[in-house]
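Enquirer: Below is my_file_2.cif; it holds mmCIF, C-alpha atoms and all ligand atoms.
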data_coords
loop_
_atom_site.label_atom_id
_atom_site.label_comp_id
_atom_site.auth_asym_id
_atom_site.auth_seq_id
_atom_site.Cartn_x
_atom_site.Cartn_y
_atom_site.Cartn_z
CA MET A 1 -5.40 -36.93 -2.17
CA LYS A 2 -2.74 -35.30 -0.04
CA SER A 3 -3.58 -31.83 1.24
CA THR A 4 -2.18 -28.77 -0.45
CA ASN A 5 -0.18 -26.04 1.29
CA SER A 6 -1.71 -25.60 4.72
CA ILE A 7 -0.72 -21.96 5.18
CA LEU A 8 -2.32 -20.74 1.97
CA GLY A 9 -5.21 -23.17 2.49
CA SER A 10 -6.01 -21.49 5.80
CA TYR A 11 -6.81 -18.22 4.01
CA GLY A 12 -9.99 -17.78 2.02
CA THR A 13 -10.28 -15.66 -1.11
CA THR A 14 -9.21 -12.11 -0.25
CA ILE A 15 -11.96 -9.79 0.97
CA PHE A 16 -11.26 -7.48 -2.00
CA GLU A 17 -12.15 -10.16 -4.52
CA VAL A 18 -15.14 -11.30 -2.43
CA MET A 19 -16.62 -7.80 -2.18
CA SER A 20 -15.81 -6.95 -5.81
CA GLY A 21 -17.58 -10.19 -6.83
CA LEU A 22 -20.62 -9.22 -4.76
CA ALA A 23 -20.48 -5.73 -6.26
CA ARG A 24 -20.55 -7.19 -9.79
CA GLU A 25 -23.42 -9.49 -8.87
CA HIS A 26 -25.56 -6.60 -7.62
CA GLY A 27 -24.43 -3.95 -10.10
CA ALA A 28 -23.00 -1.96 -7.16
CA ILE A 29 -20.73 1.06 -7.28
CA ASN A 30 -17.49 -0.41 -6.01
CA LEU A 31 -16.04 1.78 -3.26
CA GLY A 32 -14.51 -1.36 -1.76
CA GLN A 33 -11.43 -2.51 -3.61
CA GLY A 34 -8.83 0.24 -3.89
CA PHE A 35 -8.67 1.18 -7.52
CA PRO A 36 -9.11 4.63 -9.07
CA GLU A 37 -11.56 5.09 -11.93
CA ASP A 38 -10.12 8.34 -13.16
CA GLY A 39 -6.96 10.42 -12.81
CA PHE A 40 -4.71 8.47 -15.16
CA ASP A 41 -2.88 10.25 -17.92
CA GLN A 42 -3.27 9.62 -21.61
CA ASP A 43 0.35 10.56 -22.31
CA ILE A 44 1.62 7.84 -19.98
CA LEU A 45 -0.69 5.35 -21.69
CA ALA A 46 0.52 6.58 -25.10
CA HIS A 47 4.09 6.06 -23.96
CA ALA A 48 3.31 2.47 -23.00
CA ALA A 49 1.68 1.91 -26.39
CA SER A 50 4.51 3.39 -28.45
CA SER A 51 7.12 1.56 -26.37
CA LEU A 52 5.56 -1.72 -27.52
CA THR A 53 7.01 -1.16 -30.97
CA GLU A 54 9.94 1.11 -30.17
CA ILE A 55 11.84 -0.92 -27.59
CA SER A 56 12.70 -4.60 -27.25
CA GLN A 57 9.95 -6.77 -25.84
CA GLN A 58 12.31 -9.52 -24.73
CA TYR A 59 13.44 -10.08 -21.13
CA PRO A 60 14.69 -6.76 -19.77
CA PRO A 61 17.57 -6.81 -17.24
CA MET A 62 16.64 -8.61 -14.03
CA LEU A 63 16.91 -5.44 -11.94
CA GLY A 64 14.73 -3.47 -14.37
CA LEU A 65 15.14 -1.25 -17.43
CA PRO A 66 17.97 1.26 -16.90
CA SER A 67 15.58 4.10 -17.82
CA LEU A 68 13.19 3.21 -14.99
CA ARG A 69 15.92 2.55 -12.44
CA GLU A 70 17.42 5.95 -13.26
CA ALA A 71 13.99 7.58 -12.97
CA VAL A 72 13.34 5.95 -9.56
CA ALA A 73 16.74 7.08 -8.24
CA GLU A 74 16.12 10.60 -9.54
CA HIS A 75 12.59 10.62 -8.07
CA ASP A 76 13.94 9.65 -4.66
CA ARG A 77 16.62 12.34 -4.91
CA ARG A 78 14.11 15.02 -5.92
CA PHE A 79 11.49 14.17 -3.29
CA TYR A 80 13.52 12.84 -0.38
CA GLY A 81 17.08 14.01 -0.95
CA LEU A 82 18.38 10.43 -1.21
CA ASP A 83 21.75 10.01 -2.86
CA LEU A 84 21.31 6.83 -4.88
CA ASP A 85 23.25 5.06 -7.59
CA TRP A 86 20.57 3.70 -9.93
CA GLN A 87 22.76 0.77 -10.93
CA ARG A 88 23.22 -0.49 -7.36
CA HIS A 89 20.34 0.87 -5.27
CA VAL A 90 17.19 0.27 -7.32
CA MET A 91 15.24 -2.81 -8.39
CA VAL A 92 12.02 -2.95 -10.41
CA THR A 93 9.40 -5.54 -9.48
CA SER A 94 6.02 -6.72 -10.73
CA GLY A 95 4.05 -4.49 -8.42
CA ALA A 96 4.62 -3.66 -4.77
CA THR A 97 3.15 -7.08 -4.02
CA GLU A 98 6.11 -8.78 -5.60
CA ALA A 99 8.48 -6.29 -3.97
CA LEU A 100 7.02 -7.19 -0.57
CA THR A 101 7.17 -10.91 -1.24
CA ALA A 102 10.73 -10.78 -2.57
CA SER A 103 11.83 -8.68 0.40
CA LEU A 104 10.21 -10.96 2.98
CA LEU A 105 11.54 -14.13 1.34
CA ALA A 106 15.02 -12.63 1.03
CA LEU A 107 15.24 -11.60 4.69
CA ILE A 108 13.32 -14.17 6.72
CA ASP A 109 14.70 -17.47 7.95
CA PRO A 110 12.31 -19.92 9.63
CA GLY A 111 11.73 -18.88 13.24
CA ASP A 112 12.55 -15.20 12.68
CA GLU A 113 10.16 -12.72 14.22
CA VAL A 114 8.56 -9.97 12.16
CA VAL A 115 6.92 -6.95 13.78
CA VAL A 116 3.74 -5.91 11.96
CA ILE A 117 1.20 -3.24 12.74
CA GLU A 118 -2.52 -3.97 12.83
CA PRO A 119 -4.87 -3.32 11.05
CA LEU A 120 -2.74 -4.62 8.20
CA TYR A 121 -2.79 -5.05 4.45
CA ASP A 122 -3.80 -8.57 3.59
CA THR A 123 -0.72 -9.93 1.79
CA TYR A 124 1.64 -9.39 4.74
CA LEU A 125 0.75 -12.26 7.05
CA PRO A 126 0.50 -15.14 4.56
CA VAL A 127 3.87 -14.28 3.02
CA ILE A 128 5.56 -13.88 6.42
CA ARG A 129 4.19 -17.29 7.39
CA LEU A 130 5.19 -18.90 4.07
CA ALA A 131 8.73 -17.70 4.68
CA GLY A 132 8.64 -19.34 8.13
CA GLY A 133 8.44 -16.05 10.00
CA ILE A 134 6.50 -15.44 13.20
CA ALA A 135 4.40 -12.27 13.18
CA LYS A 136 4.49 -10.10 16.29
CA LEU A 137 1.46 -7.87 16.05
CA VAL A 138 1.17 -4.36 17.42
CA ARG A 139 -2.39 -3.10 17.27
CA LEU A 140 -3.38 0.51 16.70
CA GLU A 141 -6.69 1.64 18.16
CA ALA A 142 -9.30 3.98 16.71
CA PRO A 143 -10.04 6.81 16.61
CA ASP A 144 -6.52 8.30 16.68
CA TRP A 145 -4.58 5.18 15.67
CA ALA A 146 -1.50 6.35 17.60
CA LEU A 147 1.44 3.96 17.70
CA PRO A 148 1.68 2.55 21.25
CA LEU A 149 5.41 2.93 21.77
CA ASP A 150 5.56 0.67 24.84
CA ARG A 151 3.83 -2.20 23.04
CA LEU A 152 5.97 -1.60 19.97
CA ALA A 153 9.12 -1.94 22.10
CA GLU A 154 7.74 -5.13 23.70
CA ALA A 155 7.22 -6.65 20.25
CA PHE A 156 10.94 -6.47 19.46
CA SER A 157 13.34 -9.14 20.70
CA ASP A 158 16.69 -10.63 19.77
CA ARG A 159 14.77 -12.85 17.35
CA THR A 160 13.34 -9.86 15.43
CA LYS A 161 14.50 -9.88 11.83
CA LEU A 162 12.47 -6.93 10.62
CA ILE A 163 9.54 -4.59 11.03
CA LEU A 164 7.09 -4.21 8.18
CA LEU A 165 5.77 -0.66 8.08
CA ASN A 166 3.06 0.78 5.85
CA SER A 167 2.90 4.58 5.76
CA PRO A 168 0.58 6.08 4.53
CA MET A 169 -1.36 3.16 5.91
CA ASN A 170 -4.03 1.10 4.23
CA PRO A 171 -6.82 0.68 5.45
CA ILE A 172 -6.93 3.52 8.01
CA GLY A 173 -5.25 6.42 6.20
CA LYS A 174 -2.73 6.94 8.99
CA VAL A 175 0.52 8.74 8.21
CA PHE A 176 3.22 7.95 10.76
CA SER A 177 4.62 11.04 12.46
CA ARG A 178 8.31 11.82 12.58
CA THR A 179 8.30 11.01 16.31
CA GLU A 180 6.79 7.59 15.62
CA LEU A 181 9.28 6.98 12.81
CA GLU A 182 12.15 7.97 15.10
CA ALA A 183 10.96 5.48 17.72
CA ILE A 184 10.82 2.76 15.06
CA ALA A 185 14.29 3.66 13.78
CA LYS A 186 15.70 3.48 17.30
CA LEU A 187 14.34 -0.04 17.78
CA VAL A 188 15.52 -1.17 14.35
CA GLN A 189 19.00 -0.03 15.25
CA ALA A 190 18.93 -1.35 18.81
CA TYR A 191 17.90 -4.82 17.64
CA ASP A 192 20.20 -4.72 14.63
CA CYS A 193 17.39 -5.61 12.25
CA TYR A 194 15.71 -4.34 9.07
CA ALA A 195 12.60 -2.42 8.05
CA ILE A 196 10.51 -3.10 4.97
CA CYS A 197 8.62 0.12 4.21
CA ASP A 198 5.52 -0.18 2.07
CA GLU A 199 5.18 3.39 0.81
CA VAL A 200 2.91 2.81 -2.17
CA TYR A 201 0.76 5.81 -1.20
CA GLU A 202 3.76 8.15 -0.89
CA HIS A 203 2.16 10.77 -3.17
CA LEU A 204 -1.16 10.69 -1.36
CA VAL A 205 -0.33 12.52 1.87
CA PHE A 206 -2.77 15.34 2.52
CA ASP A 207 -3.11 18.69 4.24
CA GLY A 208 0.37 19.88 3.32
CA ARG A 209 2.16 17.23 5.37
CA PRO A 210 5.34 15.75 3.92
CA HIS A 211 5.80 12.05 3.30
CA ILE A 212 8.77 10.97 5.41
CA PRO A 213 10.41 7.73 4.26
CA LEU A 214 12.01 5.85 7.17
CA ILE A 215 15.08 5.36 4.97
CA THR A 216 15.83 9.10 5.25
CA LEU A 217 16.28 8.92 9.04
CA PRO A 218 19.85 8.74 10.42
CA SER A 219 21.46 5.28 10.25
CA MET A 220 18.54 3.80 8.32
CA ALA A 221 20.05 3.74 4.80
CA GLU A 222 21.62 0.29 5.32
CA ARG A 223 18.59 -1.22 7.03
CA VAL A 224 15.52 -0.03 5.12
CA ILE A 225 13.90 -1.44 2.01
CA ARG A 226 11.66 1.27 0.55
CA ILE A 227 8.85 0.12 -1.76
CA GLY A 228 6.86 2.26 -4.21
CA SER A 229 4.20 1.44 -6.82
CA ALA A 230 3.39 3.08 -10.13
CA GLY A 231 -0.05 1.52 -9.82
CA LYS A 232 -0.85 3.89 -6.97
CA THR A 233 1.15 6.96 -8.01
CA PHE A 234 -0.23 7.04 -11.57
CA SER A 235 -3.63 5.47 -10.85
CA LEU A 236 -2.81 2.48 -13.06
CA THR A 237 -3.26 -0.41 -10.65
CA GLY A 238 -3.45 -3.05 -13.38
CA TRP A 239 0.10 -2.35 -14.50
CA LYS A 240 1.76 -3.89 -11.47
CA ILE A 241 5.00 -1.96 -11.65
CA GLY A 242 6.74 -1.67 -8.29
CA TYR A 243 10.18 -0.43 -7.33
CA ILE A 244 12.54 -0.88 -4.43
CA THR A 245 15.26 1.41 -3.19
CA ALA A 246 17.75 0.02 -0.68
CA SER A 247 21.46 -0.34 -0.01
CA ALA A 248 23.52 -2.07 -2.68
CA ASP A 249 24.03 -5.01 -0.33
CA LEU A 250 20.28 -5.43 0.26
CA ILE A 251 19.41 -5.01 -3.44
CA GLY A 252 21.86 -7.84 -4.17
CA LYS A 253 20.08 -10.06 -1.67
CA LEU A 254 16.59 -9.09 -2.83
CA GLY A 255 17.60 -9.91 -6.39
CA ARG A 256 18.11 -13.53 -5.30
CA ALA A 257 14.41 -13.73 -4.46
CA HIS A 258 13.16 -11.62 -7.37
CA GLN A 259 15.00 -13.74 -9.94
CA PHE A 260 13.06 -16.83 -8.82
CA LEU A 261 9.69 -15.11 -8.48
CA THR A 262 9.08 -13.11 -11.65
CA PHE A 263 12.63 -12.27 -12.82
CA THR A 264 11.32 -9.27 -14.74
CA THR A 265 8.39 -7.02 -15.65
CA PRO A 266 6.91 -5.93 -19.04
CA PRO A 267 9.40 -3.52 -20.68
CA ASN A 268 6.92 -1.14 -22.31
CA LEU A 269 5.20 -0.49 -18.98
CA GLN A 270 8.55 0.09 -17.29
CA GLN A 271 9.44 2.60 -19.99
CA ALA A 272 6.14 4.45 -19.56
CA VAL A 273 6.55 4.59 -15.78
CA ALA A 274 10.07 6.00 -16.24
CA TYR A 275 8.47 8.75 -18.30
CA GLY A 276 5.79 9.33 -15.64
CA LEU A 277 8.26 9.53 -12.75
CA SER A 278 10.24 12.15 -14.62
CA LYS A 279 7.32 14.60 -14.70
CA PRO A 280 7.77 17.94 -12.95
CA LEU A 281 7.10 18.46 -9.28
CA GLN A 282 3.78 20.24 -9.93
CA TYR A 283 2.45 17.09 -11.57
CA PHE A 284 2.79 15.19 -8.30
CA THR A 285 1.41 18.01 -6.17
CA ALA A 286 -1.61 18.09 -8.49
CA ILE A 287 -2.17 14.34 -7.92
CA THR A 288 -2.21 14.94 -4.17
CA ALA A 289 -4.47 18.00 -4.41
CA ALA A 290 -6.99 16.22 -6.65
CA MET A 291 -7.20 13.26 -4.29
CA GLN A 292 -7.49 15.50 -1.25
CA GLN A 293 -10.47 17.19 -2.88
CA LYS A 294 -12.11 13.81 -3.40
CA ARG A 295 -11.44 12.92 0.22
CA ASP A 296 -13.02 16.15 1.48
CA ARG A 297 -16.02 15.77 -0.76
CA PHE A 298 -16.65 12.15 0.19
CA GLN A 299 -16.09 12.66 3.91
CA ALA A 300 -18.46 15.65 4.01
CA ALA A 301 -21.15 13.67 2.21
CA MET A 302 -20.78 10.70 4.56
CA GLN A 303 -20.96 13.01 7.57
CA GLY A 304 -24.12 14.41 6.03
CA LEU A 305 -25.57 10.89 6.10
CA GLY A 306 -24.86 10.68 9.83
CA PHE A 307 -21.70 8.57 9.76
CA ASP A 308 -18.89 9.23 12.16
CA VAL A 309 -16.03 9.78 9.68
CA LEU A 310 -12.50 9.09 10.90
CA PRO A 311 -9.65 11.30 9.66
CA SER A 312 -7.68 10.19 6.61
CA ALA A 313 -4.24 11.81 6.44
CA GLY A 314 -3.16 9.79 3.40
CA THR A 315 -4.03 6.96 0.92
CA TYR A 316 -7.30 6.99 -1.03
CA PHE A 317 -9.30 5.40 1.74
CA THR A 318 -11.34 6.68 4.59
CA THR A 319 -12.94 4.72 7.39
CA VAL A 320 -16.33 5.47 8.85
CA ASP A 321 -17.90 4.24 12.05
CA ILE A 322 -21.36 2.87 11.27
CA LYS A 323 -22.46 2.79 14.95
CA SER A 324 -24.22 6.10 14.62
CA VAL A 325 -26.46 4.91 11.78
CA CYS A 326 -27.21 1.24 12.50
CA ASP A 327 -26.64 -1.76 14.79
CA ASP A 328 -24.82 -3.87 12.19
CA GLU A 329 -21.30 -5.16 12.50
CA ASP A 330 -19.01 -4.15 9.67
CA MET A 331 -19.29 -7.30 7.51
CA ALA A 332 -23.08 -7.46 7.73
CA PHE A 333 -23.25 -3.76 6.88
CA CYS A 334 -21.00 -4.14 3.83
CA GLN A 335 -23.06 -7.05 2.55
CA ARG A 336 -26.28 -5.16 3.20
CA ILE A 337 -25.28 -1.96 1.43
CA THR A 338 -23.86 -3.89 -1.53
CA ARG A 339 -27.18 -5.71 -1.89
CA ASP A 340 -29.67 -2.99 -0.92
CA ALA A 341 -27.93 0.29 -1.72
CA ARG A 342 -25.74 -1.16 -4.49
CA VAL A 343 -22.62 0.42 -3.00
CA ALA A 344 -19.72 -1.83 -2.00
CA ALA A 345 -17.22 -1.20 0.81
CA ILE A 346 -14.74 -3.26 2.85
CA PRO A 347 -15.21 -4.25 6.51
CA LEU A 348 -12.24 -3.28 8.66
CA SER A 349 -12.33 -6.63 10.48
CA ALA A 350 -10.77 -8.12 7.33
CA PHE A 351 -7.50 -6.38 8.22
CA TYR A 352 -6.79 -8.29 11.44
CA ALA A 353 -4.94 -11.55 12.03
CA GLN A 354 -7.62 -12.91 14.37
CA PRO A 355 -11.38 -12.37 14.23
CA VAL A 356 -12.41 -9.03 15.72
CA THR A 357 -15.77 -7.32 16.04
CA SER A 358 -15.80 -3.97 14.35
CA THR A 359 -18.18 -1.25 13.31
CA LEU A 360 -15.62 0.40 11.04
CA VAL A 361 -15.89 0.27 7.27
CA ARG A 362 -13.34 1.33 4.64
CA PHE A 363 -14.43 3.28 1.57
CA CYS A 364 -12.22 4.14 -1.43
CA PHE A 365 -12.82 7.71 -2.64
CA ALA A 366 -10.56 7.60 -5.74
CA LYS A 367 -13.60 7.84 -7.99
CA PRO A 368 -15.14 10.47 -10.29
CA ASP A 369 -17.34 13.00 -8.48
CA SER A 370 -20.42 11.79 -10.34
CA MET A 371 -19.85 8.25 -9.11
CA ILE A 372 -19.36 9.41 -5.51
CA ASP A 373 -22.56 11.50 -5.75
CA GLN A 374 -24.49 8.52 -7.06
CA ALA A 375 -23.12 6.29 -4.29
CA ILE A 376 -24.15 8.85 -1.66
CA ASP A 377 -27.66 9.09 -3.18
CA ARG A 378 -27.98 5.34 -3.10
CA LEU A 379 -26.74 5.06 0.48
CA SER A 380 -29.06 7.84 1.53
CA GLY A 381 -32.03 6.05 -0.05
CA ALA A 382 -31.19 2.70 1.53
CA LEU A 383 -30.44 4.01 5.01
N1 LIG A 401 0.67 -2.35 -0.30
C1 LIG A 401 -0.46 -1.72 0.01
C2 LIG A 401 -0.59 -1.08 1.35
C3 LIG A 401 -1.50 -1.67 -0.91
O1 LIG A 401 -2.64 -1.05 -0.58
C4 LIG A 401 -1.34 -2.29 -2.17
C5 LIG A 401 -2.43 -2.29 -3.21
N2 LIG A 401 -3.70 -2.37 -2.75
C6 LIG A 401 -0.14 -2.94 -2.45
C7 LIG A 401 0.85 -2.94 -1.50
C8 LIG A 401 0.09 -3.65 -3.74
O2 LIG A 401 0.53 -2.80 -4.75
P1 LIG A 401 0.72 -3.32 -6.24
O3 LIG A 401 -0.61 -3.27 -6.91
O4 LIG A 401 1.73 -2.40 -6.83
O5 LIG A 401 1.22 -4.74 -6.17
#
Before anything else, please render the file you have as structure tokens.
Ligand code: PMP

Expert:
Amino acid sequence: MKSTNSILGSYGTTIFEVMSGLAREHGAINLGQGFPEDGFDQDILAHAASSLTEISQQYPPMLGLPSLREAVAEHDRRFYGLDLDWQRHVMVTSGATEALTASLLALIDPGDEVVVIEPLYDTYLPVIRLAGGIAKLVRLEAPDWALPLDRLAEAFSDRTKLILLNSPMNPIGKVFSRTELEAIAKLVQAYDCYAICDEVYEHLVFDGRPHIPLITLPSMAERVIRIGSAGKTFSLTGWKIGYITASADLIGKLGRAHQFLTFTTPPNLQQAVAYGLSKPLQYFTAITAAMQQKRDRFQAAMQGLGFDVLPSAGTYFTTVDIKSVCDDEDMAFCQRITRDARVAAIPLSAFYAQPVTSTLVRFCFAKPDSMIDQAIDRLSGAL
């Protein structure tokens, strides 16, 4: 038989599914795949349930329910001072994944170059390649993960269509500084291109730092596609509700892709997310504070086990260097602890375009304290 798509065929099953499968097989506590096991609100769930009978369950408008688009625009005004018209500047998608895919498909023509920063989230490269784009990788290096501005500038050319930026950044918990964002904005303007900003962890920025969307920088409003996810903000990853804010012109173009991908997203979940986004400011600060506490607790415990814990300024992940406790490489270590300690994690080498050797491992700390304690006990026993 003829071969199937060669780009998708060149990728295996994602590391998240592989490690979650191994975790299930061994009855492991899953600190690998990024999903919270607590912290979601019953009133948001109740809203989703009641909306099943109270509002129409037929195709909502292609751009999203008006209530959610209004709530996204208002959220962006409240948090970032953006002046948005919900009818022209907002589009709802089936998760940030669809938002990313729609944005990349809408912008890239075959042969266009796309600047991406490594280590990177795993959906970026396959979709860039499917769209015919050529990834230009800029690698950050541990332990400080600073953006190398000279190499960033070298990655841009007249063929650059866009930069794909993830801040706060999965897997390493980096939050781009204003200086780094300004350097990016300068290049985006100089090369007359776009930026797709994956900001799904916007409400998980710790230690009192603000989240700075690139779209808020001067001259960026027409060039930036800002992506958020209710899955992350409300700890409801299974819902797959994403949202985009961008210029009216860009939203029009993104809609061309979205209409052929999913067209729309379940209306009751949209309605419940609209309700969630409208909660008072303190609600969001409490989300951040609760997650920061989990980070501190987990990092201290891992340090206690002898790991070299790298800083996590945002997201619900932290990376640890395993060099100080064993001679394993990251993948072997993750397999070993899933099997022997019954705790799953994700090797950082999975976040690179080409094979790399690494001793860094990503753990998700968005778990109940009792689960974290049990995982630490198990790791301690096995090490
Ligand atoms: N971007 C990043 C950086 C992520 O970590 C994730 C989820 N793991 C997504 C996008 C996808 O978000 P969603 O579940 O809303 O599709």

Enquirer: Using all atoms listed in the file, which of the listed residues (A:Ser235, A:Thr93, A:Ser51, A:Ser56) sits closest to A:Leu254?

Expert: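 Once distances to A:Leu254 are computed over all atoms listed in the file, the minimum belongs to A:Thr93.
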
Enquirer: For the point (23.8, -7.1, -4.0) in the file's frame, write as a list in words all residues with an atom no more than 12 Å away, counting all atoms listed in the file.

Expert: Leu63, Gln87, Arg88, His89, Val90, Met91, Ala106, Ala246, Ser247, Ala248, Asp249, Leu250, Ile251, Gly252, Lys253, Leu254, Gly255, Arg256 and Ala257 of chain A

Enquirer: Using all atoms listed in the file, find each residue of chain A with at least one atom at most 9 Å away from an atom of ligand LIG 401 (chain A); report its shortest atom-to-atom pair and that distance in Å (one decimal), sort the rows by chain and rising residue number, and return the result as JSON lines.

Expert:
{"residue": "A:Gln33", "atom": "CA", "partner": "A:LIG401", "partner_atom": "N2", "distance": 7.8}
{"residue": "A:Gly34", "atom": "CA", "partner": "A:LIG401", "partner_atom": "N2", "distance": 5.9}
{"residue": "A:Phe35", "atom": "CA", "partner": "A:LIG401", "partner_atom": "N2", "distance": 7.7}
{"residue": "A:Thr93", "atom": "CA", "partner": "A:LIG401", "partner_atom": "O4", "distance": 8.7}
{"residue": "A:Ser94", "atom": "CA", "partner": "A:LIG401", "partner_atom": "O5", "distance": 6.9}
{"residue": "A:Gly95", "atom": "CA", "partner": "A:LIG401", "partner_atom": "O4", "distance": 3.5}
{"residue": "A:Ala96", "atom": "CA", "partner": "A:LIG401", "partner_atom": "O4", "distance": 3.8}
{"residue": "A:Thr97", "atom": "CA", "partner": "A:LIG401", "partner_atom": "O5", "distance": 3.7}
{"residue": "A:Glu98", "atom": "CA", "partner": "A:LIG401", "partner_atom": "O5", "distance": 6.4}
{"residue": "A:Ala99", "atom": "CA", "partner": "A:LIG401", "partner_atom": "O5", "distance": 7.7}
{"residue": "A:Leu100", "atom": "CA", "partner": "A:LIG401", "partner_atom": "C7", "distance": 7.5}
{"residue": "A:Leu120", "atom": "CA", "partner": "A:LIG401", "partner_atom": "C2", "distance": 8.0}
{"residue": "A:Tyr121", "atom": "CA", "partner": "A:LIG401", "partner_atom": "C2", "distance": 5.5}
{"residue": "A:Asp122", "atom": "CA", "partner": "A:LIG401", "partner_atom": "C1", "distance": 8.4}
{"residue": "A:Thr123", "atom": "CA", "partner": "A:LIG401", "partner_atom": "C7", "distance": 7.9}
{"residue": "A:Tyr124", "atom": "CA", "partner": "A:LIG401", "partner_atom": "N1", "distance": 8.7}
{"residue": "A:Asn166", "atom": "CA", "partner": "A:LIG401", "partner_atom": "C2", "distance": 6.1}
{"residue": "A:Ser167", "atom": "CA", "partner": "A:LIG401", "partner_atom": "C2", "distance": 8.0}
{"residue": "A:Pro168", "atom": "CA", "partner": "A:LIG401", "partner_atom": "C2", "distance": 7.9}
{"residue": "A:Met169", "atom": "CA", "partner": "A:LIG401", "partner_atom": "C2", "distance": 6.3}
{"residue": "A:Asn170", "atom": "CA", "partner": "A:LIG401", "partner_atom": "C2", "distance": 5.0}
{"residue": "A:Pro171", "atom": "CA", "partner": "A:LIG401", "partner_atom": "O1", "distance": 7.5}
{"residue": "A:Asp198", "atom": "CA", "partner": "A:LIG401", "partner_atom": "N1", "distance": 5.8}
{"residue": "A:Glu199", "atom": "CA", "partner": "A:LIG401", "partner_atom": "C2", "distance": 7.3}
{"residue": "A:Val200", "atom": "CA", "partner": "A:LIG401", "partner_atom": "N1", "distance": 5.9}
{"residue": "A:Tyr201", "atom": "CA", "partner": "A:LIG401", "partner_atom": "C2", "distance": 7.5}
{"residue": "A:Ile227", "atom": "CA", "partner": "A:LIG401", "partner_atom": "C7", "distance": 8.6}
{"residue": "A:Gly228", "atom": "CA", "partner": "A:LIG401", "partner_atom": "O4", "distance": 7.4}
{"residue": "A:Ser229", "atom": "CA", "partner": "A:LIG401", "partner_atom": "O4", "distance": 4.6}
{"residue": "A:Ala230", "atom": "CA", "partner": "A:LIG401", "partner_atom": "O4", "distance": 6.6}
{"residue": "A:Gly231", "atom": "CA", "partner": "A:LIG401", "partner_atom": "O4", "distance": 5.2}
{"residue": "A:Lys232", "atom": "CA", "partner": "A:LIG401", "partner_atom": "O4", "distance": 6.8}
{"residue": "A:Leu236", "atom": "CA", "partner": "A:LIG401", "partner_atom": "O3", "distance": 8.7}
{"residue": "A:Thr237", "atom": "CA", "partner": "A:LIG401", "partner_atom": "O3", "distance": 5.4}
{"residue": "A:Gly238", "atom": "CA", "partner": "A:LIG401", "partner_atom": "O3", "distance": 7.1}
{"residue": "A:Trp239", "atom": "CA", "partner": "A:LIG401", "partner_atom": "O3", "distance": 7.7}
{"residue": "A:Lys240", "atom": "CA", "partner": "A:LIG401", "partner_atom": "O4", "distance": 4.9}
{"residue": "A:Ile241", "atom": "CA", "partner": "A:LIG401", "partner_atom": "O4", "distance": 5.8}
{"residue": "A:Gly242", "atom": "CA", "partner": "A:LIG401", "partner_atom": "O4", "distance": 5.3}
{"residue": "A:Tyr243", "atom": "CA", "partner": "A:LIG401", "partner_atom": "O4", "distance": 8.7}
{"residue": "A:Thr315", "atom": "CA", "partner": "A:LIG401", "partner_atom": "O1", "distance": 8.3}

Enquirer: Please report the interatomic distance between atom CA of A:Gly21 and atom CA of A:Phe365 in Å with one decimal.

Expert: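 These two atoms are separated by 19.0 Å.
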
Enquirer: Can you tell me which residues surround A:Lys294 at a distance of at most 8 Å, considering all atoms listed in the file, apart from same-chain residues fewer than 2 positions away, and format the answer as an MDAnalysis selection string?

Expert: chainID A and resid 290:292 296:298 365:367 369

Enquirer: What is the distance between atom CA of A:Tyr275 and atom CA of A:Ser67, in Å to one decimal?

Expert: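 Atom CA of A:Ser67 lies at a distance of 8.5 Å from atom CA of A:Tyr275.
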
Enquirer: Of the residues A:Thr359, A:Ser349, A:Ser370, A:Gln259, which is the one nearest to A:Ile15, using all atoms listed in the file?

Expert: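 Of A:Thr359, A:Ser349, A:Ser370, A:Gln259, the one nearest A:Ile15 is A:Ser349, counting all atoms listed in the file.
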
Enquirer: Atom CA of A:Pro60 and atom CA of A:Thr262 are how many Å apart?

Expert: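 That distance, rounded to one decimal, is 11.7 Å.
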
Enquirer: Find the residues near A:Glu113: any atom within 10 Å, counting all atoms listed in the file, skip ones fewer than 5 places away on the same chain, and give them as a PyMOL selection string.

Expert: chain A and resi 108+128+132-136+155-163

Enquirer: How would the residues just chosen look if you wrote them out with C-alpha atoms as an mmCIF file, in the coordinates of the input?

Expert:
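The resulting file, again-v4.cif, is reproduced below:
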data_model
loop_
_atom_site.group_PDB
_atom_site.id
_atom_site.type_symbol
_atom_site.label_atom_id
_atom_site.label_comp_id
_atom_site.auth_asym_id
_atom_site.auth_seq_id
_atom_site.Cartn_x
_atom_site.Cartn_y
_atom_site.Cartn_z
ATOM 1 C CA ILE A 108 13.320 -14.170 6.720
ATOM 2 C CA ILE A 128 5.560 -13.880 6.420
ATOM 3 C CA GLY A 132 8.640 -19.340 8.130
ATOM 4 C CA GLY A 133 8.440 -16.050 10.000
ATOM 5 C CA ILE A 134 6.500 -15.440 13.200
ATOM 6 C CA ALA A 135 4.400 -12.270 13.180
ATOM 7 C CA LYS A 136 4.490 -10.100 16.290
ATOM 8 C CA ALA A 155 7.220 -6.650 20.250
ATOM 9 C CA PHE A 156 10.940 -6.470 19.460
ATOM 10 C CA SER A 157 13.340 -9.140 20.700
ATOM 11 C CA ASP A 158 16.690 -10.630 19.770
ATOM 12 C CA ARG A 159 14.770 -12.850 17.350
ATOM 13 C CA THR A 160 13.340 -9.860 15.430
ATOM 14 C CA LYS A 161 14.500 -9.880 11.830
ATOM 15 C CA LEU A 162 12.470 -6.930 10.620
ATOM 16 C CA ILE A 163 9.540 -4.590 11.030
#

Enquirer: Can you list, as an MDAnalysis selection string, every protein, DNA or RNA residue that comes within 10 Å of A:His211 when you count all atoms listed in the file, leaving out same-chain residues fewer than 3 positions away?

Expert: chainID A and resid 79:80 167:168 175:178 199 201:206 208 214 314
